[in-house]
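The structure under discussion appears below in the form of structure tokens.
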Amino acid sequence: MSGGSRPVPGPRNLITPRPVPGPRNLITDVAGLKVGQAEDAGVRSGCTVVLPDEPAVMAVDQRGGAPGTRETDSMDPANFLASFHALVLSGGSVFGLAAADGVTAALSAAGRGIRIGNAPMAVPVVPAAILFDLGNGGAKDWGAEPPYRRLGIEALGKAGLDFTLGNAGAGYGAVCGRLKGGLGSASVTVDGIEVGALVAVNAVGSALMPGSPVFWAHALEWQGEFGGRKPGPAEAAVTMPDYDLPADGKVVMGGHTTIAVVATNVALDKAQAKRLAIMAQDGLARAIRPAHTPFDGDTVFALSTARRPLDGAPALALSRLGHLAADCLARAVARGVHAAESLGPHPSYRERWGE
């Protein structure tokens, strides 16, 4: 070698803030958002409403093979609607889409919505997604009066900054693999950027490493927020996991689905929000295996409250935002399963594995 010694690299920047959860560790840590929930214990189902203070940009990415949605075509960046008034996640399969009817009617009665021509009423635009919980043993003999329109109105009326995880809202009757599923949420903040996720976990796949109490999302956990279990020698030895799929091989087509929303205070247009939803879907794959199966209708919405600009080079800033959203959604999945309580026959995480 010649030419003298090579320069020693300078110290890494250790001042960059570390992303941390917001004060509630809920999606409502994103400024300008509220969440309301309602359940019917007899029916074993419920719905969740995400309510922005002002009309918000939204987009959607759908990857499961059996989705159920409403008003998602309006979110296409090629279509003219620029913002939306609320978002509904509901149990009840196709019947649950009526929850958005109730939310739409209640918002219109309150004067919230678009004013179109000579129409005397406000016209809210309320997208929705549903999951299948019709086979969980609840009283589904509702005849011509399913409860979801009523539940949508009730959930909207309860919208606030704090809400319950686990057996709540759209996650009330959910299952995840062989365990009880539920509603989860998480948040992260860094450099004034706020990102939150909310999810109803009702997946064919499992949130746990096979035969283990360790969540697939364990590497992303913040201060024991879903039990603090880490992989040991048994988990390291797993080479061909069975993913906790039903032992009898019987999976109901369309009988599952994980539905979620990620939100940020960063201003995005519809195309950018679409990219955020696409990247956030990776959070489901980090937390549930397998994800996006033919049996699930996995759907992720993205929402912007536009409280701060998208700083810096847009593509790079959006890449960072999508990475934060995906990790946040993975944490929310684990928190939802960890918080759930059994309704029978699926045991809860804590029943199966203890705290």
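Ordering of the structure tokens sets the chain letters (A, B, ...), residue numbers begin anew at 1 in every chain, and ligands are numbered from 1 in the order given.
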Residues of region 16-125 of chain A within 9 Å of region 130-145 of chain A: nearest atom pair and distance (Å, one decimal) for each, counting only C-alpha atoms, sorted by chain and number, as a tab-separated table?
residue	atom	partner	partner_atom	distance
A:Ala41	CA	A:Gly138	CA	7.9
A:Gly42	CA	A:Ala139	CA	5.7
A:Val43	CA	A:Gly138	CA	4.4
A:Arg44	CA	A:Gly138	CA	4.9
A:Ser45	CA	A:Asp133	CA	7.0
A:Cys47	CA	A:Ile130	CA	8.9
A:Pro67	CA	A:Ile130	CA	7.7
A:Gly68	CA	A:Ile130	CA	5.5
A:Thr69	CA	A:Ile130	CA	6.4
A:Arg70	CA	A:Ile130	CA	9.0
A:Val88	CA	A:Ile130	CA	8.4
A:Leu89	CA	A:Ile130	CA	5.8
A:Ser90	CA	A:Ile130	CA	4.8
A:Gly91	CA	A:Leu131	CA	5.0
A:Gly92	CA	A:Asp133	CA	5.8
A:Ser93	CA	A:Phe132	CA	4.5
A:Val94	CA	A:Ile130	CA	7.0
A:Phe95	CA	A:Ile130	CA	8.6
A:Gly96	CA	A:Ile130	CA	6.1
A:Leu97	CA	A:Ile130	CA	6.5
Determine which residues of region 288-320 of chain A DSSP labels as strand (DSSP E or B) from the backbone of this structure, then write them out as a JSON list (two decimals) with all heavy atoms, in the first residue's frame.
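File out.json, as written:
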[["chain", "number", "residue", "atom", "x", "y", "z"],
["A", 289, "ARG", "N", -48.62, -13.76, 9.69],
["A", 289, "ARG", "CA", -48.12, -14.67, 8.67],
["A", 289, "ARG", "C", -49.03, -15.88, 8.59],
["A", 289, "ARG", "O", -49.28, -16.52, 9.61],
["A", 289, "ARG", "CB", -46.68, -15.11, 8.99],
["A", 289, "ARG", "CG", -45.74, -13.92, 9.05],
["A", 289, "ARG", "CD", -44.30, -14.35, 9.15],
["A", 289, "ARG", "NE", -43.44, -13.20, 9.40],
["A", 289, "ARG", "CZ", -42.11, -13.24, 9.44],
["A", 289, "ARG", "NH1", -41.49, -14.40, 9.26],
["A", 289, "ARG", "NH2", -41.40, -12.17, 9.68],
["A", 299, "THR", "N", -57.27, -4.70, 3.82],
["A", 299, "THR", "CA", -57.45, -3.37, 3.26],
["A", 299, "THR", "C", -56.86, -2.35, 4.21],
["A", 299, "THR", "O", -57.15, -2.38, 5.41],
["A", 299, "THR", "CB", -58.95, -3.07, 3.05],
["A", 299, "THR", "OG1", -59.50, -4.04, 2.15],
["A", 299, "THR", "CG2", -59.17, -1.68, 2.48],
["A", 300, "VAL", "N", -56.02, -1.45, 3.69],
["A", 300, "VAL", "CA", -55.41, -0.40, 4.50],
["A", 300, "VAL", "C", -55.72, 0.96, 3.87],
["A", 300, "VAL", "O", -55.43, 1.19, 2.70],
["A", 300, "VAL", "CB", -53.88, -0.59, 4.61],
["A", 300, "VAL", "CG1", -53.25, 0.58, 5.36],
["A", 300, "VAL", "CG2", -53.56, -1.90, 5.32],
["A", 301, "PHE", "N", -56.30, 1.84, 4.67],
["A", 301, "PHE", "CA", -56.53, 3.22, 4.27],
["A", 301, "PHE", "C", -55.39, 4.08, 4.77],
["A", 301, "PHE", "O", -54.75, 3.77, 5.78],
["A", 301, "PHE", "CB", -57.84, 3.74, 4.87],
["A", 301, "PHE", "CG", -59.07, 3.05, 4.38],
["A", 301, "PHE", "CD1", -59.59, 1.95, 5.06],
["A", 301, "PHE", "CD2", -59.74, 3.49, 3.25],
["A", 301, "PHE", "CE1", -60.73, 1.30, 4.62],
["A", 301, "PHE", "CE2", -60.89, 2.86, 2.80],
["A", 301, "PHE", "CZ", -61.39, 1.76, 3.49],
["A", 302, "ALA", "N", -55.14, 5.19, 4.09],
["A", 302, "ALA", "CA", -54.20, 6.21, 4.57],
["A", 302, "ALA", "C", -54.94, 7.54, 4.62],
["A", 302, "ALA", "O", -55.76, 7.83, 3.75],
["A", 302, "ALA", "CB", -52.98, 6.31, 3.66],
["A", 303, "LEU", "N", -54.63, 8.33, 5.62],
["A", 303, "LEU", "CA", -55.35, 9.58, 5.90],
["A", 303, "LEU", "C", -54.35, 10.66, 6.28],
["A", 303, "LEU", "O", -53.42, 10.42, 7.05],
["A", 303, "LEU", "CB", -56.36, 9.34, 7.03],
["A", 303, "LEU", "CG", -57.28, 10.45, 7.49],
["A", 303, "LEU", "CD1", -58.53, 9.86, 8.14],
["A", 303, "LEU", "CD2", -56.59, 11.39, 8.49],
["A", 304, "SER", "N", -54.55, 11.86, 5.75],
["A", 304, "SER", "CA", -53.71, 13.01, 6.09],
["A", 304, "SER", "C", -54.55, 14.14, 6.65],
["A", 304, "SER", "O", -55.52, 14.57, 6.03],
["A", 304, "SER", "CB", -52.96, 13.51, 4.84],
["A", 304, "SER", "OG", -52.40, 14.80, 5.06],
["A", 305, "THR", "N", -54.16, 14.61, 7.84],
["A", 305, "THR", "CA", -54.83, 15.78, 8.42],
["A", 305, "THR", "C", -54.16, 17.09, 8.02],
["A", 305, "THR", "O", -54.66, 18.17, 8.36],
["A", 305, "THR", "CB", -54.89, 15.70, 9.95],
["A", 305, "THR", "OG1", -53.55, 15.66, 10.48],
["A", 305, "THR", "CG2", -55.65, 14.46, 10.40],
["A", 306, "ALA", "N", -53.02, 17.01, 7.33],
["A", 306, "ALA", "CA", -52.39, 18.17, 6.69],
["A", 306, "ALA", "C", -52.07, 19.31, 7.67],
["A", 306, "ALA", "O", -52.23, 20.48, 7.33],
["A", 306, "ALA", "CB", -53.25, 18.69, 5.54],
["A", 307, "ARG", "N", -51.60, 18.95, 8.86],
["A", 307, "ARG", "CA", -51.24, 19.97, 9.83],
["A", 307, "ARG", "C", -49.82, 20.51, 9.64],
["A", 307, "ARG", "O", -49.47, 21.52, 10.24],
["A", 307, "ARG", "CB", -51.40, 19.41, 11.25],
["A", 307, "ARG", "CG", -52.84, 19.03, 11.64],
["A", 307, "ARG", "CD", -53.74, 20.23, 11.65],
["A", 307, "ARG", "NE", -55.11, 19.91, 12.03],
["A", 307, "ARG", "CZ", -55.58, 20.01, 13.28],
["A", 307, "ARG", "NH1", -54.77, 20.40, 14.26],
["A", 307, "ARG", "NH2", -56.84, 19.72, 13.54],
["A", 308, "ARG", "N", -48.99, 19.83, 8.83],
["A", 308, "ARG", "CA", -47.64, 20.32, 8.58],
["A", 308, "ARG", "C", -47.24, 19.91, 7.16],
["A", 308, "ARG", "O", -47.78, 18.95, 6.60],
["A", 308, "ARG", "CB", -46.63, 19.76, 9.59],
["A", 308, "ARG", "CG", -46.51, 18.28, 9.64],
["A", 308, "ARG", "CD", -45.30, 17.85, 10.44],
["A", 308, "ARG", "NE", -44.07, 18.18, 9.75],
["A", 308, "ARG", "CZ", -42.94, 18.53, 10.35],
["A", 308, "ARG", "NH1", -42.88, 18.60, 11.67],
["A", 308, "ARG", "NH2", -41.86, 18.81, 9.66]]
Original post:
With only C-alpha atoms as the basis for distance, which of A:Gly312, A:Gly182, A:Gly111, A:Gly102 is at the shortest distance from Pro146 (chain A)?
Top reply: A:Gly102
Original post:
Given the choices A:Asp269, A:Asp298, A:Glu355, A:Glu194, which gets closest to Phe226 (chain A) if the distance is worked out from only C-alpha atoms?
Top reply: A:Glu355
Subject >> Nearest to Gly344 (chain A) by atom-to-atom distance, counting only C-alpha atoms, from A:Gly181, A:Gly160, A:Pro17, A:Pro52 >> reply: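 The answer is A:Gly181, which sits nearest to Gly344 (chain A).
Within region 8-149 of chain A, the backbone-based DSSP assignment of alpha helix (DSSP H) covers Ala98, Ala99, Ala100, Asp101, Gly102, Val103, Thr104, Ala105, Ala106, Leu107, Ser108, Ala109, Tyr148 and Arg149 of chain A.
Residue neighbourhood of Leu276 (chain A), excluding near-sequence residues (fewer than 6 positions): A:Ala59, A:Val60, A:Asp61, A:Val262, A:Ala263, A:Thr264, A:Leu268, A:Lys270, A:Val300, A:Phe301, A:Ala302, A:Leu303, A:Ser304, A:Leu318, A:Ser319, A:Arg320, A:Leu321, A:Gly322, A:His323, A:Leu324, A:Ala325, A:Ala326, at 10 Å, using only C-alpha atoms.
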**OP:** Would you mind telling me which residue in A:Ala313, A:Ala122, A:Ala203, A:Ala340 lies nearest to His292 (chain A) when using only C-alpha atoms?
**Re:**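 Between A:Ala313, A:Ala122, A:Ala203, A:Ala340, the residue approaching His292 (chain A) most closely is A:Ala203.
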Original post:
At what distance in Å, to one decimal, does CA of Ile259 (chain A) lie from CA of Ala273 (chain A)?
Top reply: 16.6 Å
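Each of A:Ala267, A:Ala291, A:Ala315, A:Leu220 was compared to Val204 (chain A) using only C-alpha atoms, and A:Ala291 turns out to be the nearest.
Taking CA of Ala106 (chain A) as the reference point, CA of Thr257 (chain A) is found at 27.1 Å.
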